[in-house]
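> Sharing structure38.cif here; it has mmCIF, C-alpha atoms.
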data_target
loop_
_atom_site.label_atom_id
_atom_site.label_comp_id
_atom_site.auth_asym_id
_atom_site.auth_seq_id
_atom_site.Cartn_x
_atom_site.Cartn_y
_atom_site.Cartn_z
CA MET A 22 -24.79 5.17 -5.07
CA VAL A 23 -22.11 2.63 -4.08
CA GLN A 24 -19.09 2.05 -6.29
CA LEU A 25 -18.67 -1.68 -6.88
CA LEU A 26 -15.21 -3.13 -7.44
CA SER A 27 -13.95 -3.61 -10.99
CA THR A 28 -13.14 -7.07 -12.40
CA LYS A 29 -9.45 -6.07 -12.23
CA GLN A 30 -9.74 -5.26 -8.50
CA MET A 31 -11.58 -8.55 -7.89
CA ALA A 32 -8.83 -10.44 -9.73
CA GLU A 33 -6.21 -8.66 -7.60
CA PHE A 34 -8.10 -9.67 -4.46
CA ALA A 35 -8.50 -13.28 -5.65
CA ASN A 36 -4.76 -13.53 -6.30
CA SER A 37 -3.24 -11.49 -3.44
CA GLY A 38 -5.96 -11.70 -0.78
CA CYS A 39 -5.93 -7.95 -0.20
CA LEU A 40 -6.96 -4.55 -1.53
CA PHE A 41 -6.02 -1.03 -0.41
CA PHE A 42 -7.66 2.35 -0.81
CA ASP A 43 -4.99 4.89 0.11
CA GLY A 44 -6.14 8.02 1.98
CA LEU A 45 -9.78 7.30 1.10
CA ILE A 46 -11.45 8.74 4.20
CA ASP A 47 -11.37 12.53 4.49
CA ASN A 48 -9.31 14.32 7.15
CA GLU A 49 -12.35 15.73 8.90
CA THR A 50 -13.69 12.22 9.59
CA ASN A 51 -10.21 11.00 10.62
CA LYS A 52 -9.95 13.87 13.13
CA GLU A 53 -13.47 13.19 14.35
CA PHE A 54 -12.59 9.51 14.90
CA LEU A 55 -9.43 10.44 16.87
CA LYS A 56 -11.33 12.98 18.96
CA ASP A 57 -14.05 10.42 19.63
CA ILE A 58 -11.56 7.87 21.00
CA GLY A 59 -9.76 10.57 23.05
CA HIS A 60 -6.42 10.32 21.26
CA THR A 61 -3.58 11.95 23.19
CA ASP A 62 0.23 12.18 23.15
CA ILE A 63 2.12 9.21 24.57
CA GLU A 64 3.57 11.48 27.32
CA ASN A 65 0.08 11.59 28.84
CA VAL A 66 -0.30 7.79 28.95
CA ASP A 67 1.02 5.96 32.03
CA ASN A 68 -0.87 2.75 31.62
CA MET A 69 -1.86 1.01 28.38
CA GLN A 70 -4.83 -0.88 29.92
CA LYS A 71 -6.21 2.30 31.51
CA TYR A 72 -5.94 4.22 28.24
CA PHE A 73 -7.70 1.42 26.43
CA GLN A 74 -10.46 1.20 29.04
CA ASN A 75 -11.07 4.95 28.75
CA ILE A 76 -11.54 4.58 24.99
CA LYS A 77 -14.01 1.76 25.53
CA ALA A 78 -15.89 3.76 28.15
CA SER A 79 -16.17 7.10 26.37
CA SER A 80 -16.01 6.60 22.58
CA SER A 81 -19.02 6.14 20.29
CA ILE A 82 -17.79 2.68 19.22
CA PRO A 83 -20.68 0.46 20.35
CA ARG A 84 -20.67 -3.12 21.66
CA ILE A 85 -21.99 -5.10 18.69
CA PRO A 86 -23.37 -8.61 19.26
CA ALA A 87 -21.81 -11.05 16.75
CA GLY A 88 -24.14 -11.59 13.79
CA THR A 89 -25.56 -8.03 13.79
CA PRO A 90 -26.18 -6.71 10.26
CA LEU A 91 -23.50 -4.13 9.41
CA LYS A 92 -26.14 -1.62 8.33
CA ASN A 93 -27.55 -1.50 11.90
CA ALA A 94 -24.22 -1.62 13.70
CA TYR A 95 -23.09 2.00 14.22
CA PRO A 96 -24.79 5.08 15.70
CA TYR A 97 -26.15 7.56 13.16
CA LYS A 98 -23.56 10.19 12.13
CA SER A 99 -20.80 8.56 14.21
CA PRO A 100 -17.37 8.51 12.48
CA LEU A 101 -17.60 4.78 11.80
CA GLU A 102 -21.09 5.06 10.35
CA LYS A 103 -19.73 7.71 7.94
CA ILE A 104 -16.83 5.43 6.99
CA PHE A 105 -19.08 2.46 6.20
CA LYS A 106 -21.39 4.74 4.20
CA ASN A 107 -18.49 5.94 2.03
CA GLU A 108 -19.42 4.89 -1.52
CA VAL A 109 -16.08 3.15 -2.16
CA VAL A 110 -16.06 1.33 1.20
CA ALA A 111 -19.70 0.25 0.82
CA GLY A 112 -19.05 -0.79 -2.79
CA ALA A 113 -16.04 -2.93 -1.83
CA ILE A 114 -17.99 -4.58 1.01
CA ASN A 115 -20.97 -5.26 -1.26
CA SER A 116 -18.69 -6.67 -3.97
CA LEU A 117 -16.96 -9.10 -1.62
CA VAL A 118 -19.46 -10.11 1.08
CA GLY A 119 -22.73 -8.61 -0.17
CA SER A 120 -25.06 -5.87 1.00
CA GLU A 121 -26.47 -8.01 3.84
CA ALA A 122 -23.12 -8.72 5.50
CA VAL A 123 -23.04 -9.23 9.26
CA VAL A 124 -20.47 -8.24 11.86
CA ASP A 125 -18.34 -11.03 13.29
CA HIS A 126 -16.31 -8.76 15.58
CA GLN A 127 -14.53 -5.42 15.69
CA PHE A 128 -11.48 -4.18 17.57
CA LEU A 129 -9.40 -1.04 17.91
CA HIS A 130 -5.74 -2.12 17.82
CA LEU A 131 -3.25 0.16 19.59
CA THR A 132 0.49 -0.21 19.10
CA PHE A 133 2.51 1.76 21.61
CA PRO A 134 5.87 3.40 20.80
CA THR A 135 9.31 2.48 22.20
CA LYS A 136 9.13 5.33 24.73
CA TYR A 137 6.26 3.58 26.55
CA PHE A 138 8.10 0.24 26.78
CA LYS A 139 11.22 1.97 28.14
CA LYS A 140 9.19 3.91 30.70
CA THR A 141 7.44 0.74 31.89
CA ASN A 142 10.53 -1.50 31.57
CA GLN A 143 8.88 -3.98 29.19
CA ARG A 144 10.37 -5.87 26.21
CA GLN A 145 9.04 -4.46 22.92
CA MET A 146 8.40 -7.28 20.45
CA SER A 147 6.56 -7.54 17.16
CA GLN A 148 3.50 -9.73 16.85
CA VAL A 149 4.20 -13.14 15.31
CA ASN A 150 2.75 -14.11 11.94
CA HIS A 151 -0.67 -15.69 12.17
CA GLN A 152 -3.92 -16.33 10.34
CA ASP A 153 -6.92 -15.04 12.29
CA SER A 154 -9.47 -17.19 14.14
CA THR A 155 -9.01 -20.93 13.53
CA ILE A 156 -8.62 -23.54 10.77
CA ASP A 157 -11.08 -22.51 8.06
CA PRO A 158 -11.48 -24.91 5.13
CA ARG A 159 -14.65 -23.20 3.76
CA VAL A 160 -14.94 -21.87 0.23
CA THR A 161 -17.10 -19.03 1.58
CA PHE A 162 -14.80 -16.30 2.86
CA ASP A 163 -15.02 -13.40 5.29
CA ILE A 164 -13.25 -10.08 4.95
CA GLN A 165 -11.35 -8.05 7.51
CA LEU A 166 -11.54 -4.33 6.91
CA PHE A 167 -8.83 -2.10 8.39
CA TYR A 168 -9.09 1.66 8.92
CA PHE A 169 -6.01 3.77 9.70
CA PRO A 170 -7.06 7.16 11.18
CA THR A 171 -3.50 8.59 11.15
CA ASP A 172 -0.58 8.48 8.75
CA VAL A 173 1.41 5.26 9.23
CA THR A 174 5.12 5.76 8.57
CA LYS A 175 7.63 2.93 8.05
CA GLU A 176 9.02 3.32 11.57
CA MET A 177 5.51 2.94 13.05
CA GLY A 178 5.56 -0.78 12.14
CA GLY A 179 2.24 -0.93 10.29
CA THR A 180 0.58 -4.32 9.84
CA ARG A 181 2.90 -6.85 8.20
CA TYR A 182 1.22 -9.04 5.61
CA HIS A 183 2.09 -11.69 3.07
CA PRO A 184 0.27 -11.29 -0.27
CA GLY A 185 -0.97 -14.54 -1.79
CA THR A 186 -1.12 -16.58 1.44
CA HIS A 187 -4.92 -16.34 1.92
CA LEU A 188 -5.82 -19.73 0.39
CA ARG A 189 -3.30 -21.70 2.47
CA ILE A 190 -5.16 -23.51 5.24
CA VAL A 191 -3.20 -23.31 8.49
CA ASN A 192 -4.01 -23.28 12.17
CA GLU A 193 -3.77 -19.70 13.47
CA MET A 194 -0.30 -19.28 15.09
CA GLY A 195 0.97 -22.48 13.48
CA ILE A 196 2.88 -20.13 11.14
CA ALA A 197 4.52 -18.17 13.98
CA LYS A 198 7.89 -19.86 13.39
CA TYR A 199 8.28 -18.07 10.05
CA GLN A 200 9.98 -14.93 11.37
CA ASN A 201 10.53 -13.50 7.93
CA ILE A 202 9.02 -14.43 4.59
CA ARG A 203 10.27 -13.20 1.23
CA GLY A 204 8.00 -10.54 -0.25
CA GLN A 205 6.64 -9.52 3.16
CA LYS A 206 5.09 -6.07 3.26
CA ASN A 207 4.31 -3.56 5.98
CA ILE A 208 1.45 -1.13 5.63
CA VAL A 209 2.79 2.41 5.16
CA CYS A 210 -0.08 4.74 4.36
CA LYS A 211 -1.77 8.10 4.61
CA ALA A 212 -4.42 8.85 7.21
CA GLY A 213 -7.81 7.58 6.10
CA THR A 214 -6.51 4.49 4.31
CA ILE A 215 -8.77 1.45 4.13
CA GLY A 216 -7.33 -2.04 3.67
CA ILE A 217 -9.36 -5.19 3.05
CA PHE A 218 -7.95 -8.67 3.75
CA HIS A 219 -9.39 -12.08 2.91
CA ASN A 220 -9.81 -13.79 6.31
CA GLY A 221 -7.04 -16.27 5.46
CA LEU A 222 -4.26 -13.73 4.80
CA TRP A 223 -1.16 -14.25 6.97
CA HIS A 224 -0.26 -11.13 8.94
CA GLY A 225 1.03 -9.62 12.21
CA ALA A 226 1.62 -6.23 13.84
CA GLY A 227 5.05 -4.61 13.56
CA VAL A 228 7.04 -2.79 16.26
CA ASN A 229 6.30 0.91 16.62
CA PHE A 230 9.67 2.72 16.70
CA SER A 231 8.10 6.18 16.31
CA ASP A 232 7.04 8.57 19.09
CA GLU A 233 3.33 8.26 18.29
CA ILE A 234 0.65 5.72 19.18
CA ARG A 235 -0.44 3.72 16.11
CA TYR A 236 -4.15 2.96 15.75
CA MET A 237 -5.86 0.45 13.51
CA PHE A 238 -9.58 -0.18 13.63
CA LYS A 239 -10.50 -3.65 12.38
CA ILE A 240 -13.83 -5.27 11.63
CA ARG A 241 -14.52 -8.79 10.38
CA LEU A 242 -17.55 -9.15 8.12
CA GLN A 243 -19.31 -12.31 7.10
CA PRO A 244 -21.56 -12.79 4.03
CA THR A 245 -25.12 -14.10 4.25
CA GLU A 246 -25.37 -14.86 0.54
CA LYS A 247 -23.34 -16.70 -2.12
CA GLN A 248 -20.33 -14.59 -3.16
CA GLU A 249 -20.90 -15.03 -6.88
CA LEU A 250 -20.72 -12.00 -9.21
CA LEU A 251 -21.63 -9.64 -6.38
CA TRP A 252 -19.39 -7.03 -8.04
CA ASP A 253 -20.86 -7.69 -11.49
CA PRO A 254 -24.65 -8.02 -11.12
CA GLU A 255 -25.14 -7.85 -14.89
CA SER A 256 -22.81 -10.84 -15.44
CA LYS A 257 -20.63 -8.98 -17.92
CA TYR A 258 -17.51 -10.98 -17.10
CA LYS A 259 -16.64 -13.65 -19.67
CA PRO A 260 -13.66 -16.01 -19.25
CA LEU A 261 -10.83 -15.56 -21.73
CA PRO A 262 -10.02 -18.29 -24.29
CA ASN A 263 -6.98 -20.55 -23.83
CA ARG A 264 -3.60 -19.13 -24.79
CA ALA A 265 -0.34 -20.79 -25.83
CA LEU A 266 1.77 -22.05 -22.92
CA TYR A 267 5.55 -21.77 -22.48
CA TRP A 268 6.20 -21.39 -26.25
CA THR A 269 4.52 -18.01 -26.23
CA ASP A 270 4.39 -14.83 -28.22
CA GLU A 271 6.68 -12.29 -26.51
CA ASN A 272 4.35 -9.45 -27.35
CA GLN A 273 1.13 -10.88 -25.95
CA GLU A 274 -0.93 -8.35 -24.03
CA SER A 275 -1.33 -8.54 -20.28
CA THR A 276 -4.83 -9.65 -19.22
CA ILE A 277 -6.93 -10.38 -16.11
CA ASN A 278 -5.46 -13.91 -16.25
CA ASP A 279 -1.96 -12.50 -15.69
CA ILE A 280 -3.21 -10.79 -12.52
CA LEU A 281 -4.80 -14.06 -11.36
CA MET A 282 -1.68 -16.15 -12.09
CA LYS A 283 0.85 -13.81 -10.48
CA SER A 284 3.46 -15.66 -8.37
CA TYR A 285 5.11 -14.50 -5.14
CA PRO A 286 8.75 -14.88 -4.03
CA TRP A 287 7.77 -16.90 -0.93
CA GLN A 288 6.07 -19.70 -2.89
CA GLU A 289 7.82 -23.05 -3.21
CA ALA A 290 8.47 -24.29 -6.75
CA ASP A 291 6.06 -27.22 -6.33
CA THR A 292 3.34 -25.70 -4.14
CA ASN A 293 3.23 -22.53 -6.25
CA ARG A 294 1.42 -24.64 -8.87
CA LEU A 295 -1.15 -25.70 -6.30
CA ASP A 296 -1.57 -22.06 -5.24
CA LYS A 297 -2.41 -21.27 -8.89
CA ILE A 298 -4.89 -24.17 -9.05
CA ASN A 299 -6.57 -22.95 -5.86
CA THR A 300 -6.77 -19.38 -7.22
CA ILE A 301 -8.50 -20.70 -10.36
CA LYS A 302 -10.96 -22.69 -8.20
CA PHE A 303 -11.60 -19.51 -6.15
CA TRP A 304 -12.16 -17.50 -9.37
CA ARG A 305 -14.64 -20.16 -10.57
CA LEU A 306 -16.67 -19.55 -7.38
CA LEU A 307 -16.48 -15.76 -7.62
CA THR A 308 -17.53 -15.68 -11.29
CA GLY A 309 -19.97 -18.61 -11.32
CA HIS A 310 -18.15 -20.08 -14.36
CA LYS A 311 -17.75 -23.61 -13.04
CA ASN A 312 -15.58 -24.91 -15.91
CA LEU A 313 -13.42 -21.85 -16.30
CA ASP A 314 -9.67 -22.44 -16.52
CA ILE A 315 -6.49 -20.43 -16.86
CA ASP A 316 -3.38 -21.78 -18.57
CA TYR A 317 -4.79 -25.34 -18.63
CA TRP A 318 -3.97 -26.02 -14.95
CA LEU A 319 -7.37 -27.61 -14.22
CA THR A 320 -8.31 -28.84 -17.71
CA ARG A 321 -5.14 -30.96 -17.74
CA ILE A 322 -5.92 -32.80 -14.52
CA GLU A 323 -9.69 -32.93 -15.07
CA ASN A 324 -9.19 -34.77 -18.39
CA ASN A 325 -9.69 -38.14 -16.73
CA LEU A 326 -10.90 -40.70 -19.27
CA TYR A 327 -11.11 -43.74 -16.96
CA MET B 6 33.28 -20.08 29.69
CA THR B 7 29.91 -21.48 28.73
CA ILE B 8 28.45 -23.05 25.60
CA ARG B 9 25.35 -21.69 23.86
CA GLN B 10 23.40 -22.74 20.77
CA LYS B 11 22.37 -20.49 17.88
CA VAL B 12 19.61 -21.84 15.66
CA LEU B 13 18.89 -20.88 12.07
CA VAL B 14 15.79 -22.19 10.32
CA LEU B 15 15.61 -21.88 6.56
CA TYR B 16 12.64 -22.65 4.33
CA LEU B 17 13.73 -23.39 0.78
CA LYS B 18 12.09 -23.22 -2.63
CA PHE B 19 12.50 -26.96 -3.15
CA PRO B 20 13.82 -29.82 -0.97
CA SER B 21 17.52 -29.55 -1.72
CA LEU B 22 20.10 -27.37 0.01
CA GLU B 23 21.02 -25.70 -3.26
CA ALA B 24 17.54 -24.12 -3.36
CA GLU B 25 16.78 -20.46 -2.76
CA VAL B 26 15.73 -19.31 0.76
CA ILE B 27 12.08 -18.18 0.89
CA SER B 28 11.63 -17.80 4.66
CA TRP B 29 13.97 -17.72 7.67
CA ALA B 30 14.14 -17.46 11.44
CA THR B 31 17.06 -17.02 13.83
CA PHE B 32 17.18 -17.73 17.57
CA ASP B 33 20.32 -16.62 19.38
CA GLY B 34 21.03 -18.56 22.58
CA THR B 35 24.01 -16.34 23.38
CA GLY B 36 21.65 -13.44 24.02
CA GLN B 37 23.76 -11.13 21.86
CA LYS B 38 20.93 -10.39 19.46
CA LEU B 39 17.17 -10.49 19.93
CA HIS B 40 15.56 -11.62 16.67
CA MET B 41 11.86 -11.13 16.11
CA THR B 42 9.17 -11.48 13.46
CA GLY B 43 9.53 -9.07 10.55
CA ASP B 44 13.04 -7.91 11.48
CA SER B 45 14.63 -8.36 8.04
CA ASP B 46 13.40 -8.30 4.46
CA GLU B 47 16.47 -10.01 2.98
CA PRO B 48 17.41 -13.62 3.82
CA PRO B 49 20.73 -14.20 5.68
CA TYR B 50 21.92 -16.53 2.87
CA PRO B 51 20.75 -16.91 -0.73
CA THR B 52 20.56 -20.73 -0.45
CA GLY B 53 20.81 -23.49 2.16
CA LEU B 54 24.22 -24.45 0.82
CA ASP B 55 25.54 -20.94 1.55
CA ALA B 56 24.60 -21.44 5.23
CA LEU B 57 26.71 -24.65 5.30
CA LEU B 58 29.61 -22.82 3.67
CA ASP B 59 29.43 -20.25 6.48
CA GLY B 60 29.78 -22.92 9.19
CA TRP B 61 26.16 -23.68 10.11
CA ARG B 62 25.61 -27.39 10.87
CA LEU B 63 22.42 -28.98 9.54
CA PHE B 64 20.67 -31.07 12.21
CA GLN B 65 17.13 -31.59 10.87
CA SER B 66 15.20 -31.34 7.63
CA SER B 67 11.58 -31.97 6.74
CA GLN B 68 10.53 -35.34 5.32
CA ALA B 69 8.85 -35.80 1.96
CA ILE B 70 5.31 -36.81 2.90
CA PRO B 71 2.97 -37.83 0.04
CA GLU B 72 -0.16 -35.69 -0.20
CA HIS B 73 -3.14 -37.25 1.56
CA PRO B 74 -5.47 -38.96 -0.99
CA GLY B 75 -8.34 -36.61 -1.80
CA GLU B 76 -6.47 -33.62 -0.39
CA GLU B 77 -3.76 -33.35 -3.06
CA PHE B 78 -4.51 -29.71 -3.80
CA ARG B 79 -4.81 -28.46 -0.25
CA THR B 80 -2.02 -26.00 0.52
CA SER B 81 -0.84 -25.18 3.99
CA TYR B 82 2.52 -24.66 5.79
CA LEU B 83 5.85 -24.05 4.07
CA LYS B 84 7.17 -27.45 3.10
CA HIS B 85 10.95 -27.54 2.84
CA GLU B 86 12.27 -26.79 6.33
CA PHE B 87 15.95 -27.05 7.36
CA PHE B 88 17.26 -26.51 10.92
CA PHE B 89 20.91 -25.49 11.40
CA GLU B 90 22.96 -24.75 14.49
CA LYS B 91 26.17 -23.09 15.55
CA ILE B 92 27.66 -23.78 18.95
CA GLU B 93 29.35 -20.77 20.51
CA GLU B 94 31.69 -20.69 23.48
CA GLY B 95 32.13 -17.58 25.59
CA ASP B 96 31.14 -15.58 28.66
CA PHE B 97 27.52 -14.88 27.93
#
Can the structure from this file be put into C-alpha cells for me?


Amino acid sequence: MVQLLSTKQMAEFANSGCLFFDGLIDNETNKEFLKDIGHTDIENVDNMQKYFQNIKASSSIPRIPAGTPLKNAYPYKSPLEKIFKNEVVAGAINSLVGSEAVVDHQFLHLTFPTKYFKKTNQRQMSQVNHQDSTIDPRVTFDIQLFYFPTDVTKEMGGTRYHPGTHLRIVNEMGIAKYQNIRGQKNIVCKAGTIGIFHNGLWHGAGVNFSDEIRYMFKIRLQPTEKQELLWDPESKYKPLPNRALYWTDENQESTINDILMKSYPWQEADTNRLDKINTIKFWRLLTGHKNLDIDYWLTRIENNLY
Amino acid sequence: MTIRQKVLVLYLKFPSLEAEVISWATFDGTGQKLHMTGDSDEPPYPTGLDALLDGWRLFQSSQAIPEHPGEEFRTSYLKHEFFFEKIEEGDF
C-alpha cells in the first residue's frame, strides 16, 4: 500500500519546489546499492572517467530508453527497484506525477574529493547554479528524484538549491552569474535520504572538501496524466475562506495558506508578489479549484468590470 | 606594477542602491582569491550603498523594462542588477 503525500506536504512542495525524506531507505539497501556500483576508497581511484565507466559496465543500473514506464524500468530485486517500491517513495511519486509516470533520464552523479584534484593537478570548482534541461513554460511539471546512498556531511558539498525558485522561467545556465543567493541551502543528510525537486528548481553541485566520494543518483520522471488531486483521490481538500489582510488578528492560527504564501529572502520586493500569484495559480491546477484564491491576490486583479 | 579589475555584482531587493542585497558575485582579476558558486551564505554588504561607502565604483545597473503585454505575471531572472568595480595596482 503506497503512502500518498498529505495536503501539507503538497502545499510545501507547491511553495518551495522540494520535499525531503531524511534517511528513508534502510542501511541494507544503501549498502547493497554501494556494493552494486563497486564503491571504493578514493585512494584506489586514479582516473575519474575509468571509475565511472566501470560502474556503468558492471552495476545493475540499466540503460533505460526515454519514455519507459517507471514500473518496468529496473531489474527485479535490484537496489533501485526496492527504492522505487518503498511505500513512501512510491506514494510521493504517485502524488506528484501519477502512477503511470515515465522515465525521462537517470544519472549517477559522482563528486570527487579535494585529494583527487590535487593528485591530478586539476582546479576544483563548484557547479554553477542552473535549472535543468531548457526553457520550460508548461504548467505540467516533472519531478527529479534524488537518492543519497551515503551520509552527506556539510564538507561534502551536497547539492545546493534555492527553495521557491521553481516557478521562475529561465534558460538553463542563464542563472549561472548568481554565485550566491540569500537563503541558499546545501543538502546535508543521512544515508538513504530521498529528495524530490520540481523540474524548475534552481540548483548546483557543491565542492567536496571531504576525503570521500559523494554519490547522488538522480532520475527525472514525467507524468502521463493531469496532475490534479493525485494525492487526494477522494477530493477531500476544500479551499479556505478569505481572511482579513494587513489589519489582522495577531492570534490567527497558521493554515495551509501560510505554507503556500511563505516568502524567501532572495525574492525581490516587487517580484515576490508575482511569485505568490504564480504559486496560487499552481495550487489551482493541483487542486482542480479553478477560482481558488489566497489573500485576494488573484480576485483583486480578476475583478475586471470592463 | 600592473593594473587589475575586481568586479562585484549585487542583486538588490528593489531598484535603488539603498536596498538590501539578495544575491551577489565577485570576480577577482588580481588572482588573489578564487570566488565560486556557493562560496558564502552572507552577502559582502547589507545594501548597495554600503558597497559604495567601501570604495566600489558603480559602472552599470539594470534598466526598468515594462513587463511584456500578456506576460505580466511571468517571473524569471533577478531584476535589480548592479555592477561595481575596484581597480587595483600591484605586482600580480

> For the provided coordinates, the residues matched by the PyMOL selection byres ((chain A) within 10 of (chain B)) should be stated as a PyMOL selection string.

chain A and resi 145-150+158+178+181-182+186-192+195-207+225-228+285-296+298-299

> Please determine, counting all atoms listed in the file, which residue among A:Leu326, A:Leu222, A:Leu131, A:Met237 has the shortest atom-to-atom distance to A:Ser37.

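Result for the nearest residue to A:Ser37: A:Leu222.
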
> On this structure, which residues satisfy the PyMOL selection byres ((chain A and resi 59-74) around 12), written as a ChimeraX atom specification?

/A:51-58,75-82,128-141,143,170-171,231-236

> If you keep C-alpha atoms, can you produce a file of those selected residues as a short mmCIF file (atom, residue, chain, number, x, y, z; two decimals), keeping the file's coordinate frame?


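Heads up, here's the output in result_8.cif:
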data_model
loop_
_atom_site.label_atom_id
_atom_site.label_comp_id
_atom_site.auth_asym_id
_atom_site.auth_seq_id
_atom_site.Cartn_x
_atom_site.Cartn_y
_atom_site.Cartn_z
CA ASN A 51 -10.21 11.00 10.62
CA LYS A 52 -9.95 13.87 13.13
CA GLU A 53 -13.47 13.19 14.35
CA PHE A 54 -12.59 9.51 14.90
CA LEU A 55 -9.43 10.44 16.87
CA LYS A 56 -11.33 12.98 18.96
CA ASP A 57 -14.05 10.42 19.63
CA ILE A 58 -11.56 7.87 21.00
CA ASN A 75 -11.07 4.95 28.75
CA ILE A 76 -11.54 4.58 24.99
CA LYS A 77 -14.01 1.76 25.53
CA ALA A 78 -15.89 3.76 28.15
CA SER A 79 -16.17 7.10 26.37
CA SER A 80 -16.01 6.60 22.58
CA SER A 81 -19.02 6.14 20.29
CA ILE A 82 -17.79 2.68 19.22
CA PHE A 128 -11.48 -4.18 17.57
CA LEU A 129 -9.40 -1.04 17.91
CA HIS A 130 -5.74 -2.12 17.82
CA LEU A 131 -3.25 0.16 19.59
CA THR A 132 0.49 -0.21 19.10
CA PHE A 133 2.51 1.76 21.61
CA PRO A 134 5.87 3.40 20.80
CA THR A 135 9.31 2.48 22.20
CA LYS A 136 9.13 5.33 24.73
CA TYR A 137 6.26 3.58 26.55
CA PHE A 138 8.10 0.24 26.78
CA LYS A 139 11.22 1.97 28.14
CA LYS A 140 9.19 3.91 30.70
CA THR A 141 7.44 0.74 31.89
CA GLN A 143 8.88 -3.98 29.19
CA PRO A 170 -7.06 7.16 11.18
CA THR A 171 -3.50 8.59 11.15
CA SER A 231 8.10 6.18 16.31
CA ASP A 232 7.04 8.57 19.09
CA GLU A 233 3.33 8.26 18.29
CA ILE A 234 0.65 5.72 19.18
CA ARG A 235 -0.44 3.72 16.11
CA TYR A 236 -4.15 2.96 15.75
#

> Could you state which residues are captured by the PyMOL selection byres ((chain A and resi 265-270) around 12) in this file, as a short mmCIF file (atom, residue, chain, number, x, y, z; two decimals) with C-alpha atoms, in the frame of the given file?


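Saved file selection.cif follows:
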data_model
loop_
_atom_site.label_atom_id
_atom_site.label_comp_id
_atom_site.auth_asym_id
_atom_site.auth_seq_id
_atom_site.Cartn_x
_atom_site.Cartn_y
_atom_site.Cartn_z
CA PRO A 262 -10.02 -18.29 -24.29
CA ASN A 263 -6.98 -20.55 -23.83
CA ARG A 264 -3.60 -19.13 -24.79
CA GLU A 271 6.68 -12.29 -26.51
CA ASN A 272 4.35 -9.45 -27.35
CA GLN A 273 1.13 -10.88 -25.95
CA GLU A 274 -0.93 -8.35 -24.03
CA SER A 275 -1.33 -8.54 -20.28
CA ILE A 315 -6.49 -20.43 -16.86
CA ASP A 316 -3.38 -21.78 -18.57
CA TYR A 317 -4.79 -25.34 -18.63
CA TRP A 318 -3.97 -26.02 -14.95
#

> Just give me the gap between atom CA of A:Leu307 and atom CA of A:Arg321 in Å, one decimal is fine.

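Taking atom CA of A:Leu307 as the start and atom CA of A:Arg321 as the end point, the length is 21.5 Å.
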
> Hey, what's within 10 Å of B:Leu13 if we count only C-alpha atoms and toss same-chain stuff fewer than 3 positions away? As a PyMOL selection string, please?

chain B and resi 10+29-33+49+56+61-63+87-91

> Please return, as a ChimeraX atom specification, all polymer residues that have at least one atom within 8 Å of the point (-5.8, -10.3, -1.9); use all atoms listed in the file and the file's own coordinate frame.

/A:33-40,184-185,187,217-219,222

> Write a file of the selected residues as a tab-separated table (two decimals), keeping the file's coordinate frame, keeping C-alpha atoms.


chain	number	residue	atom	x	y	z
A	33	GLU	CA	-6.21	-8.66	-7.60
A	34	PHE	CA	-8.10	-9.67	-4.46
A	35	ALA	CA	-8.50	-13.28	-5.65
A	36	ASN	CA	-4.76	-13.53	-6.30
A	37	SER	CA	-3.24	-11.49	-3.44
A	38	GLY	CA	-5.96	-11.70	-0.78
A	39	CYS	CA	-5.93	-7.95	-0.20
A	40	LEU	CA	-6.96	-4.55	-1.53
A	184	PRO	CA	0.27	-11.29	-0.27
A	185	GLY	CA	-0.97	-14.54	-1.79
A	187	HIS	CA	-4.92	-16.34	1.92
A	217	ILE	CA	-9.36	-5.19	3.05
A	218	PHE	CA	-7.95	-8.67	3.75
A	219	HIS	CA	-9.39	-12.08	2.91
A	222	LEU	CA	-4.26	-13.73	4.80

> For a quick check of understanding, using only C-alpha atoms, which of B:Leu22, B:Gln65, B:Gly95, B:Ile70 has the smallest distance to B:Pro51?

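Under the stated criterion, the closest residue is B:Leu22.
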
> Using only C-alpha atoms, find the one residue out of A:Thr214, A:Asn220, A:Gln24, A:Asn93 that sits nearest to A:Thr155.

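Closest to A:Thr155, using only C-alpha atoms: A:Asn220.
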
> Measure the distance from atom CA of A:Thr161 to atom CA of B:Glu76 in Å and round it to one decimal.

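Interatomic distance, atom CA of A:Thr161 to atom CA of B:Glu76: 18.2 Å.
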
> Can you take the partial stretch 55-63 of chain B, add N, CA and C atoms, and return it as a compact mmCIF listing (two decimals), in the coordinates of the input?


# COMPACT_ATOMS: atom_id res chain seq x y z
N ASP B 55 24.74 -22.08 1.08
CA ASP B 55 25.54 -20.94 1.55
C ASP B 55 25.62 -20.91 3.08
N ALA B 56 24.56 -21.37 3.76
CA ALA B 56 24.60 -21.44 5.23
C ALA B 56 25.64 -22.47 5.68
N LEU B 57 25.69 -23.62 4.98
CA LEU B 57 26.71 -24.65 5.30
C LEU B 57 28.11 -24.09 5.09
N LEU B 58 28.29 -23.38 3.99
CA LEU B 58 29.61 -22.82 3.67
C LEU B 58 30.07 -21.81 4.72
N ASP B 59 29.09 -21.22 5.44
CA ASP B 59 29.43 -20.25 6.48
C ASP B 59 29.53 -20.90 7.86
N GLY B 60 29.53 -22.24 7.92
CA GLY B 60 29.78 -22.92 9.19
C GLY B 60 28.55 -23.38 9.95
N TRP B 61 27.35 -23.18 9.43
CA TRP B 61 26.16 -23.68 10.11
C TRP B 61 26.08 -25.20 9.89
N ARG B 62 25.71 -25.92 10.95
CA ARG B 62 25.61 -27.39 10.87
C ARG B 62 24.14 -27.78 10.76
N LEU B 63 23.80 -28.53 9.72
CA LEU B 63 22.42 -28.98 9.54
C LEU B 63 22.11 -30.09 10.54
